[in-house]
Each structure stands twice: as C-alpha cells, then as structure tokens.
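Asks: Please find input_15.cif (mmCIF, C-alpha atoms and all ligand atoms) on the next line:
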data_target
#
loop_
_atom_site.label_atom_id
_atom_site.label_comp_id
_atom_site.auth_asym_id
_atom_site.auth_seq_id
_atom_site.Cartn_x
_atom_site.Cartn_y
_atom_site.Cartn_z
CA MET A 1 -1.34 13.22 30.18
CA SER A 2 1.62 11.99 32.16
CA SER A 3 4.55 11.34 29.88
CA LYS A 4 5.53 8.28 31.90
CA SER A 5 2.28 6.37 31.61
CA THR A 6 2.13 3.25 29.50
CA TYR A 7 -1.05 3.20 27.46
CA PHE A 8 -3.07 0.07 26.81
CA ILE A 9 -5.79 1.12 24.41
CA ALA A 10 -8.59 -1.26 23.52
CA ASN A 11 -10.10 -0.88 20.08
CA TRP A 12 -13.23 -3.03 20.17
CA LYS A 13 -14.12 -2.21 16.57
CA MET A 14 -17.70 -3.36 15.79
CA ASN A 15 -17.93 -5.63 18.83
CA GLY A 16 -19.51 -5.44 22.27
CA SER A 17 -22.82 -5.04 24.07
CA PRO A 18 -23.91 -3.62 27.46
CA LYS A 19 -23.24 -7.09 28.93
CA ASP A 20 -19.53 -6.57 28.28
CA LEU A 21 -19.39 -4.12 31.15
CA ILE A 22 -18.20 -7.17 33.08
CA GLN A 23 -15.01 -7.28 30.96
CA ILE A 24 -14.13 -3.74 31.99
CA LYS A 25 -15.07 -4.35 35.63
CA ASN A 26 -12.84 -7.44 35.72
CA LEU A 27 -9.93 -5.51 34.31
CA ASP A 28 -10.47 -2.60 36.69
CA PHE A 29 -10.60 -4.93 39.68
CA PHE A 30 -7.44 -6.70 38.57
CA ILE A 31 -5.31 -3.66 37.94
CA LYS A 32 -6.46 -1.98 41.16
CA ASN A 33 -5.29 -4.99 43.12
CA ARG A 34 -2.24 -6.12 41.18
CA PHE A 35 -0.78 -3.15 39.36
CA LYS A 36 -1.30 -0.29 41.75
CA LYS A 37 2.31 0.86 41.62
CA HIS A 38 2.59 0.96 37.82
CA ASN A 39 1.84 4.13 35.96
CA LYS A 40 -0.53 2.92 33.30
CA LEU A 41 -3.62 4.14 31.53
CA ILE A 42 -6.28 1.94 30.03
CA VAL A 43 -8.50 3.45 27.36
CA TYR A 44 -11.51 1.51 26.12
CA CYS A 45 -12.85 2.44 22.69
CA PRO A 46 -16.09 0.49 22.30
CA PRO A 47 -18.73 1.23 19.64
CA GLN A 48 -20.10 4.74 20.19
CA PRO A 49 -23.51 3.75 21.67
CA LEU A 50 -21.73 1.98 24.54
CA ILE A 51 -19.45 4.85 25.58
CA ALA A 52 -21.94 6.75 27.76
CA TYR A 53 -23.25 3.56 29.33
CA PHE A 54 -19.79 2.28 30.27
CA ALA A 55 -18.49 5.70 31.32
CA LYS A 56 -21.38 6.10 33.76
CA LYS A 57 -20.83 2.68 35.31
CA ILE A 58 -17.02 2.73 35.56
CA ARG A 59 -15.47 5.38 37.76
CA SER A 60 -11.79 4.53 37.86
CA LYS A 61 -8.74 6.72 37.64
CA ASN A 62 -7.04 4.03 35.55
CA ILE A 63 -9.74 3.61 32.94
CA LYS A 64 -10.83 6.16 30.36
CA PHE A 65 -13.10 5.93 27.34
CA GLY A 66 -12.70 6.87 23.73
CA SER A 67 -14.48 6.73 20.41
CA GLN A 68 -13.27 4.88 17.32
CA ASP A 69 -14.11 7.82 15.08
CA VAL A 70 -15.64 11.30 14.99
CA SER A 71 -17.44 13.46 12.44
CA ASN A 72 -15.38 15.69 10.17
CA ASN A 73 -18.11 18.36 10.36
CA ASN A 74 -17.06 21.27 12.47
CA PHE A 75 -20.38 21.70 14.28
CA ALA A 76 -21.50 20.62 17.72
CA PHE A 77 -24.98 19.77 16.40
CA GLY A 78 -26.71 19.85 13.04
CA ALA A 79 -28.38 18.10 10.16
CA PHE A 80 -25.73 15.44 9.59
CA THR A 81 -27.51 12.10 9.75
CA GLY A 82 -25.35 9.36 11.21
CA GLU A 83 -22.56 11.68 12.30
CA VAL A 84 -21.29 12.15 15.86
CA SER A 85 -19.48 15.38 16.70
CA SER A 86 -16.53 15.83 19.05
CA HIS A 87 -18.85 17.87 21.27
CA ILE A 88 -21.38 15.02 21.56
CA LEU A 89 -18.59 12.54 22.22
CA LYS A 90 -17.20 14.67 25.03
CA ASN A 91 -20.64 14.95 26.59
CA SER A 92 -21.09 11.20 26.50
CA GLY A 93 -17.95 10.49 28.49
CA ALA A 94 -15.30 10.08 25.80
CA GLU A 95 -11.92 11.64 26.53
CA TYR A 96 -10.13 10.06 23.59
CA VAL A 97 -10.82 9.48 19.92
CA ILE A 98 -9.13 7.22 17.39
CA ILE A 99 -8.63 9.03 14.09
CA GLY A 100 -7.15 7.70 10.86
CA HIS A 101 -7.48 3.99 11.57
CA SER A 102 -6.64 2.01 8.42
CA GLU A 103 -10.11 0.42 8.44
CA LYS A 104 -11.65 3.93 8.31
CA ARG A 105 -9.18 4.99 5.60
CA LEU A 106 -10.34 1.95 3.59
CA ALA A 107 -13.94 3.04 4.17
CA GLY A 108 -13.34 6.49 2.70
CA ASP A 109 -11.30 8.62 5.10
CA ASN A 110 -8.63 10.61 3.28
CA TYR A 111 -5.92 13.10 4.27
CA ASN A 112 -8.42 15.94 4.21
CA THR A 113 -11.22 14.34 6.24
CA ILE A 114 -8.64 13.08 8.72
CA LYS A 115 -7.24 16.60 9.05
CA GLN A 116 -10.75 17.97 9.68
CA LYS A 117 -11.47 15.29 12.27
CA ILE A 118 -8.19 16.02 14.04
CA ASN A 119 -8.87 19.76 14.07
CA ASN A 120 -12.38 19.25 15.46
CA ALA A 121 -11.21 16.85 18.15
CA ASN A 122 -8.36 19.20 19.03
CA GLN A 123 -10.73 22.17 19.39
CA ASN A 124 -12.96 20.13 21.67
CA LYS A 125 -10.00 19.02 23.76
CA LEU A 126 -10.39 15.34 23.01
CA LYS A 127 -7.16 13.37 23.20
CA ILE A 128 -6.36 12.02 19.77
CA ILE A 129 -5.06 8.56 18.95
CA PHE A 130 -3.78 9.27 15.45
CA CYS A 131 -3.25 6.05 13.49
CA ILE A 132 -0.70 5.83 10.72
CA GLY A 133 0.68 2.82 8.91
CA GLU A 134 1.76 1.50 5.55
CA SER A 135 0.20 -1.30 3.50
CA LEU A 136 1.95 -4.57 2.78
CA LYS A 137 2.73 -3.43 -0.77
CA GLU A 138 4.20 -0.14 0.46
CA ASN A 139 6.27 -2.06 2.97
CA LYS A 140 7.52 -4.51 0.37
CA ASN A 141 8.45 -1.61 -1.90
CA LYS A 142 10.41 -0.08 0.99
CA ASN A 143 8.18 2.98 1.02
CA SER A 144 7.05 2.73 4.64
CA LEU A 145 8.84 5.80 5.98
CA LEU A 146 7.78 7.90 3.04
CA ILE A 147 4.14 6.93 3.54
CA LEU A 148 4.25 7.58 7.28
CA LYS A 149 5.74 11.01 6.71
CA LYS A 150 3.07 11.79 4.12
CA GLN A 151 0.27 10.65 6.44
CA ILE A 152 1.60 12.91 9.19
CA LEU A 153 2.35 16.01 7.14
CA ALA A 154 -0.91 15.82 5.16
CA SER A 155 -3.16 15.70 8.22
CA LEU A 156 -1.48 17.54 11.08
CA GLU A 157 -1.46 21.33 11.17
CA LYS A 158 1.22 23.15 13.12
CA GLY A 159 -1.01 24.81 15.74
CA LEU A 160 -2.38 21.61 17.27
CA ASN A 161 -2.02 20.81 20.94
CA PHE A 162 0.52 18.02 20.50
CA LYS A 163 0.36 17.14 24.19
CA ASN A 164 -3.05 15.68 23.39
CA ILE A 165 -1.94 13.55 20.47
CA LEU A 166 -0.80 9.94 20.67
CA PHE A 167 0.77 8.55 17.50
CA ALA A 168 -0.24 4.94 16.89
CA TYR A 169 1.98 3.22 14.37
CA GLU A 170 -0.14 0.40 12.98
CA PRO A 171 1.30 -1.33 9.92
CA VAL A 172 -1.77 -2.42 7.96
CA TRP A 173 -0.16 -5.79 7.24
CA SER A 174 0.01 -6.48 10.96
CA ILE A 175 -3.58 -5.66 11.93
CA GLY A 176 -5.49 -8.85 12.66
CA THR A 177 -2.90 -11.03 10.91
CA GLY A 178 -0.86 -12.32 13.85
CA ILE A 179 2.28 -10.92 12.20
CA ILE A 180 4.29 -8.23 13.95
CA PRO A 181 7.30 -6.25 12.70
CA SER A 182 10.78 -7.15 13.91
CA GLN A 183 12.24 -5.27 16.86
CA SER A 184 14.89 -3.66 14.67
CA TYR A 185 12.28 -2.47 12.19
CA LEU A 186 10.14 -0.95 14.95
CA ILE A 187 13.15 0.73 16.53
CA LYS A 188 13.98 2.32 13.18
CA VAL A 189 10.40 3.45 12.51
CA PHE A 190 9.98 4.96 15.97
CA SER A 191 13.23 6.83 15.75
CA GLU A 192 12.29 8.19 12.29
CA LEU A 193 8.86 9.23 13.56
CA LYS A 194 10.53 11.16 16.36
CA LYS A 195 12.76 12.93 13.83
CA ILE A 196 9.80 13.89 11.64
CA LEU A 197 7.82 15.23 14.60
CA ILE A 198 10.74 17.25 15.90
CA ARG A 199 11.68 18.65 12.51
CA HIS A 200 8.21 19.63 11.35
CA TYR A 201 6.33 20.34 14.57
CA SER A 202 9.04 20.80 17.23
CA VAL A 203 7.48 17.97 19.24
CA LYS A 204 10.34 16.78 21.40
CA SER A 205 8.78 13.84 23.23
CA PRO A 206 5.92 12.50 21.15
CA LYS A 207 3.88 9.68 22.62
CA LEU A 208 4.34 6.74 20.29
CA LEU A 209 2.19 3.62 20.36
CA TYR A 210 2.42 0.37 18.48
CA GLY A 211 -0.69 -1.43 17.19
CA GLY A 212 -1.15 -4.65 15.22
CA SER A 213 -1.73 -8.19 16.53
CA VAL A 214 -0.49 -7.39 20.05
CA ASN A 215 -1.05 -10.38 22.33
CA ALA A 216 0.14 -11.81 25.63
CA GLN A 217 3.07 -13.59 23.97
CA ASN A 218 4.49 -10.97 21.65
CA ILE A 219 4.21 -8.20 24.27
CA GLN A 220 7.39 -9.73 25.73
CA SER A 221 9.37 -8.56 22.72
CA LEU A 222 7.30 -5.46 21.97
CA LYS A 223 7.95 -4.07 25.44
CA MET A 224 11.67 -3.88 24.59
CA ILE A 225 11.15 -1.20 21.94
CA PRO A 226 12.62 2.08 23.17
CA ASN A 227 10.39 5.15 22.88
CA CYS A 228 7.22 3.05 22.80
CA ASN A 229 4.65 4.56 25.17
CA GLY A 230 1.99 1.93 24.77
CA TYR A 231 -0.16 -0.25 22.58
CA LEU A 232 -3.35 -0.10 20.55
CA ILE A 233 -4.95 -3.50 20.87
CA GLY A 234 -7.83 -4.88 18.81
CA GLY A 235 -8.79 -8.57 19.01
CA ALA A 236 -6.90 -9.28 22.24
CA SER A 237 -8.71 -6.50 24.12
CA LEU A 238 -12.16 -8.02 23.73
CA THR A 239 -11.95 -10.28 26.77
CA SER A 240 -10.60 -9.15 30.12
CA LYS A 241 -8.58 -12.37 30.37
CA ASN A 242 -6.53 -11.68 27.21
CA PHE A 243 -6.21 -7.99 27.99
CA ILE A 244 -5.06 -8.66 31.56
CA ASP A 245 -2.53 -11.23 30.31
CA ILE A 246 -0.97 -8.58 28.07
CA ILE A 247 -0.67 -6.08 30.92
CA GLN A 248 0.61 -8.73 33.30
CA ASN A 249 3.31 -9.90 30.84
CA TYR A 250 4.26 -6.32 30.10
CA TYR A 251 5.09 -5.75 33.76
CA SER A 252 6.58 -9.20 34.46
C1 LIG B 301 -6.41 -2.36 15.46
O1 LIG B 301 -7.22 -2.60 14.57
O2 LIG B 301 -6.27 -1.20 15.90
C2 LIG B 301 -5.63 -3.47 16.00
C3 LIG B 301 -4.54 -3.20 16.62
O3 LIG B 301 -6.14 -4.73 15.78
P1 LIG B 301 -5.49 -6.13 16.20
O4 LIG B 301 -4.86 -5.98 17.55
O5 LIG B 301 -6.65 -7.08 16.22
O6 LIG B 301 -4.47 -6.46 15.16
#
I need this file expressed as structure tokens, please.
Ligand code: PEP
Replies:
Amino acid sequence: MSSKSTYFIANWKMNGSPKDLIQIKNLDFFIKNRFKKHNKLIVYCPPQPLIAYFAKKIRSKNIKFGSQDVSNNNFAFGAFTGEVSSHILKNSGAEYVIIGHSEKRLAGDNYNTIKQKINNANQNKLKIIFCIGESLKENKNKNSLLILKKQILASLEKGLNFKNILFAYEPVWSIGTGIIPSQSYLIKVFSELKKILIRHYSVKSPKLLYGGSVNAQNIQSLKMIPNCNGYLIGGASLTSKNFIDIIQNYYS
C-alpha cells in the first residue's frame, strides 16, 4: 500500500444487488477522467456474495474489493456452516476485509474473536480495515481513549504485518446518526492513536481512517484533520452520485 494514498472505503453493509455494478462503473469512469492525478484508492465492501461478481467485472487500478467480515476459524475450508474463510475471500477477489465493526461487535464479536479474525486475515495476506470506536456512554464518561487503547491492545498481536492494517476510528455515536466529532476531538484522538501504536507496536506511520456519517458536506472539515489517511463510508457510498461528491469535495 502506498503511504500517500487517500482511501475512500465503501461499507455497503446489508445492501446491494448485481444491478449495482452500475454504481461502481460510474465511479470508476468518473475518477479515471477527473481524478487521474490524485493518489487515491477506492475499496468497495459489498455483501460477500457480490464480491466475486463485481471483482470479475471491474478491472481498475483505482478500485479494490473487500469483505465486511471473515470467519474466526483458522481453516481454509471445513464444516463451518455459514462461515467464510480468509482463503475463500481471497479467491473470490477480496483484497481487504473489515474487522471489528461496531455492528459486528454488537452481534457477538469480542476481543478474542476479533483477534482470531485479524490473525487469519493477516496470515492470508488480506489487508485489514480494523474498526475501533467508543459508544456514546463511553464518550460522555470521557473514557474514549481508554476504550480505544483496550480495543487495540486486546486484539492486535505484536507479530502482525502492520503495513497491511488500516485503523478505522469509528465512534459508535457517529455511525448513521449524521453527527461527527469536532475537528479538535479528532485531532486529539488521532494523535493518541499514533502514540499507542508507536509505543506498543513500533508502528511509526499507521494508516488512520475516520468513519461515521461522512458525507459530501462534512468532508470539507474532515479533510483538514492531520494524519487522516482516508474514510470509511457507509450510507453515502451506496450511490455513485453521493460517493463521487465526497471525493470531488475532498479534492476541491
Ligand atoms: C460504517 O458503518 O462503517 C459507517 C461509516 O456508516 P455511515 O457512514 O452510514 O455512518
């Protein structure tokens, strides 16, 4: 991964169908024509059944594909109904995987399963979009930094290939709410995350992303955050129009 790229990562959650190939084609066409000179990387994370279909149809150096989750079982194949291994993901065209999203934590992921998922993805050379973020209550109690540190230390082992890990700070209270943190708050969080990653893992230049209600308007202030290497975008990534507007305003 180039350290200078800005990442625009689309988390489609439980949305999308084969017909939505047009959204990705529109975006690809637009960035090829309008943003050639900018060093950016678009990663689409649709529901798993769509990854192979999209990856076969879209051959673009700007667009990659990822999964929204992966099995915590450390096997390529096996009797694990409903599970999808890192190996299967890789073979279906995924280069990235989101791990630790707050919606998956709510559905049962814990520090241990997240650690297993990260280790499996790391072994299979998938690039990991590791989501961390505090709840509204934790934020109100001024525990955000403590929680973020705990989420990192409890799930990341020292021997990982940190070049393949993107850290997505997604405050839970911002996801899907239209509310984003203040610039000063984000600056503080990002600088603390850098300190934690240097101190505990000797990662000097971690790739830090912000996620939570990113849209074409608030990208104007979010792009001012130093050390922010990109964005994880849910609702506003579902249509090419909204997604393109974000990228366009980022570079304007
Ligand atoms: C997300 O769930 O990863 C996310 C960022 O969602 P939204 O942009 O819709 O807040």
Asks: Show me the residues close to (-10.3, 20.3, 19.7) - anything with an atom within 10 Å, counting all atoms listed in the file - and format the list as a ChimeraX atom specification.
Replies: /A:74,86-87,117-128,160-161,164
Asks: When you count only C-alpha atoms and all ligand atoms, which of these residues is closest to ligand LIG 301 (chain B): A:Gln23, A:Asn139, A:Gln68, A:Thr113?
Replies: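 Checking each candidate against ligand LIG 301 (chain B), we get A:Gln68 as the closest.
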Asks: Quick check, in Å to one decimal: how far apart do atom CA of Gly93 of chain A and atom CA of Pro49 of chain A lie?
Replies: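 It comes out at 11.1 Å.
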Asks: Taking all atoms listed in the file into account, name the residue in A:Leu27, A:Ile22, A:Cys228, A:Ile132 that is nearest to Glu170 of chain A.
Replies: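 Nearest to Glu170 of chain A: A:Ile132.
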Asks: Which one is closest to Asn218 of chain A: A:Ser102, A:Ser182, A:Ser155, A:Asn72? Count all atoms listed in the file.
Replies: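 Counting all atoms listed in the file, the residue closest to Asn218 of chain A is A:Ser182.
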Asks: To check your reading of the model: which residues sit at most 10 Å from ligand LIG 301 (chain B) when counting only C-alpha atoms and all ligand atoms? Write the answer as a PDB file with C-alpha atoms, in the coordinates of the input.
Replies:
ATOM      1  CA  ILE A   9      -5.790   1.120  24.410  1.00  0.00           C
ATOM      2  CA  ALA A  10      -8.590  -1.260  23.520  1.00  0.00           C
ATOM      3  CA  ASN A  11     -10.100  -0.880  20.080  1.00  0.00           C
ATOM      4  CA  TRP A  12     -13.230  -3.030  20.170  1.00  0.00           C
ATOM      5  CA  LYS A  13     -14.120  -2.210  16.570  1.00  0.00           C
ATOM      6  CA  GLN A  68     -13.270   4.880  17.320  1.00  0.00           C
ATOM      7  CA  ILE A  98      -9.130   7.220  17.390  1.00  0.00           C
ATOM      8  CA  HIS A 101      -7.480   3.990  11.570  1.00  0.00           C
ATOM      9  CA  SER A 102      -6.640   2.010   8.420  1.00  0.00           C
ATOM     10  CA  GLU A 103     -10.110   0.420   8.440  1.00  0.00           C
ATOM     11  CA  CYS A 131      -3.250   6.050  13.490  1.00  0.00           C
ATOM     12  CA  ALA A 168      -0.240   4.940  16.890  1.00  0.00           C
ATOM     13  CA  TYR A 169       1.980   3.220  14.370  1.00  0.00           C
ATOM     14  CA  GLU A 170      -0.140   0.400  12.980  1.00  0.00           C
ATOM     15  CA  PRO A 171       1.300  -1.330   9.920  1.00  0.00           C
ATOM     16  CA  VAL A 172      -1.770  -2.420   7.960  1.00  0.00           C
ATOM     17  CA  TRP A 173      -0.160  -5.790   7.240  1.00  0.00           C
ATOM     18  CA  SER A 174       0.010  -6.480  10.960  1.00  0.00           C
ATOM     19  CA  ILE A 175      -3.580  -5.660  11.930  1.00  0.00           C
ATOM     20  CA  GLY A 176      -5.490  -8.850  12.660  1.00  0.00           C
ATOM     21  CA  THR A 177      -2.900 -11.030  10.910  1.00  0.00           C
ATOM     22  CA  GLY A 178      -0.860 -12.320  13.850  1.00  0.00           C
ATOM     23  CA  ILE A 179       2.280 -10.920  12.200  1.00  0.00           C
ATOM     24  CA  ILE A 180       4.290  -8.230  13.950  1.00  0.00           C
ATOM     25  CA  TYR A 210       2.420   0.370  18.480  1.00  0.00           C
ATOM     26  CA  GLY A 211      -0.690  -1.430  17.190  1.00  0.00           C
ATOM     27  CA  GLY A 212      -1.150  -4.650  15.220  1.00  0.00           C
ATOM     28  CA  SER A 213      -1.730  -8.190  16.530  1.00  0.00           C
ATOM     29  CA  VAL A 214      -0.490  -7.390  20.050  1.00  0.00           C
ATOM     30  CA  ASN A 215      -1.050 -10.380  22.330  1.00  0.00           C
ATOM     31  CA  TYR A 231      -0.160  -0.250  22.580  1.00  0.00           C
ATOM     32  CA  LEU A 232      -3.350  -0.100  20.550  1.00  0.00           C
ATOM     33  CA  ILE A 233      -4.950  -3.500  20.870  1.00  0.00           C
ATOM     34  CA  GLY A 234      -7.830  -4.880  18.810  1.00  0.00           C
ATOM     35  CA  GLY A 235      -8.790  -8.570  19.010  1.00  0.00           C
ATOM     36  CA  ALA A 236      -6.900  -9.280  22.240  1.00  0.00           C
ATOM     37  CA  SER A 237      -8.710  -6.500  24.120  1.00  0.00           C
ATOM     38  CA  LEU A 238     -12.160  -8.020  23.730  1.00  0.00           C
TER      39      LEU A 238
END
Asks: One decimal, Å: what's the distance from atom CA of Asp20 of chain A over to atom CA of Ile99 of chain A, could you say?
Replies: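 Calculated distance between atom CA of Asp20 of chain A and atom CA of Ile99 of chain A is 23.7 Å.
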Asks: Using all atoms listed in the file, collect all residues at a distance of at most 10 Å from (-2.7, 2.2, 33.2) as written in the file, then present them as a list in words.
Replies: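 The requested residues, written out, are Ser5, Thr6, Tyr7, Phe8, Ile9, Asp28, Ile31, Lys32, Phe35, Lys36, Lys37, His38, Asn39, Lys40, Leu41, Ile42, Val43, Lys61, Asn62, Ile63, Lys64, Gly230 and Ile247 of chain A.
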Asks: Extract, using all atoms listed in the file, all DNA, RNA and protein residues at most 12 Å from Tyr185 of chain A, discarding same-chain residues fewer than 3 positions from it, and format them as a list in words.
Replies: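 That gives Asn139, Lys142, Ser144, Leu145, Tyr169, Pro171, Ile180, Pro181, Ser182, Lys188, Val189, Phe190, Ser191, Glu192, Leu222, Ile225 and Pro226 of chain A.
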Asks: Taking into account all atoms listed in the file, which residue in the set A:Ser202, A:Asn141, A:Gln48, A:Ser60 is nearest to Ile88 of chain A?
Replies: A:Gln48
Asks: My list of candidates is A:Ala107, A:Leu153, A:Ile51, A:Ile165. Which is closest to Pro206 of chain A when distances are computed with all atoms listed in the file?
Replies: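 That would be A:Ile165, the residue with the smallest distance to Pro206 of chain A.
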Asks: Using only C-alpha atoms, which residue out of A:Ala79, A:Ile244, A:Ile129, A:Leu209 lies closest to Ile24 of chain A?
Replies: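 Selected residue with least distance to Ile24 of chain A: A:Ile244.
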Asks: How big is the axis-aligned box, and where does its centre sit, when it encloses all atoms of segment 226-236 of chain A listed in the file and has 8 Å added on every side, reported in Å to one decimal as JSON?
Replies:
{"center_x": 1.9, "center_y": -2.1, "center_z": 22.0, "size_x": 37.4, "size_y": 30.4, "size_z": 22.4}
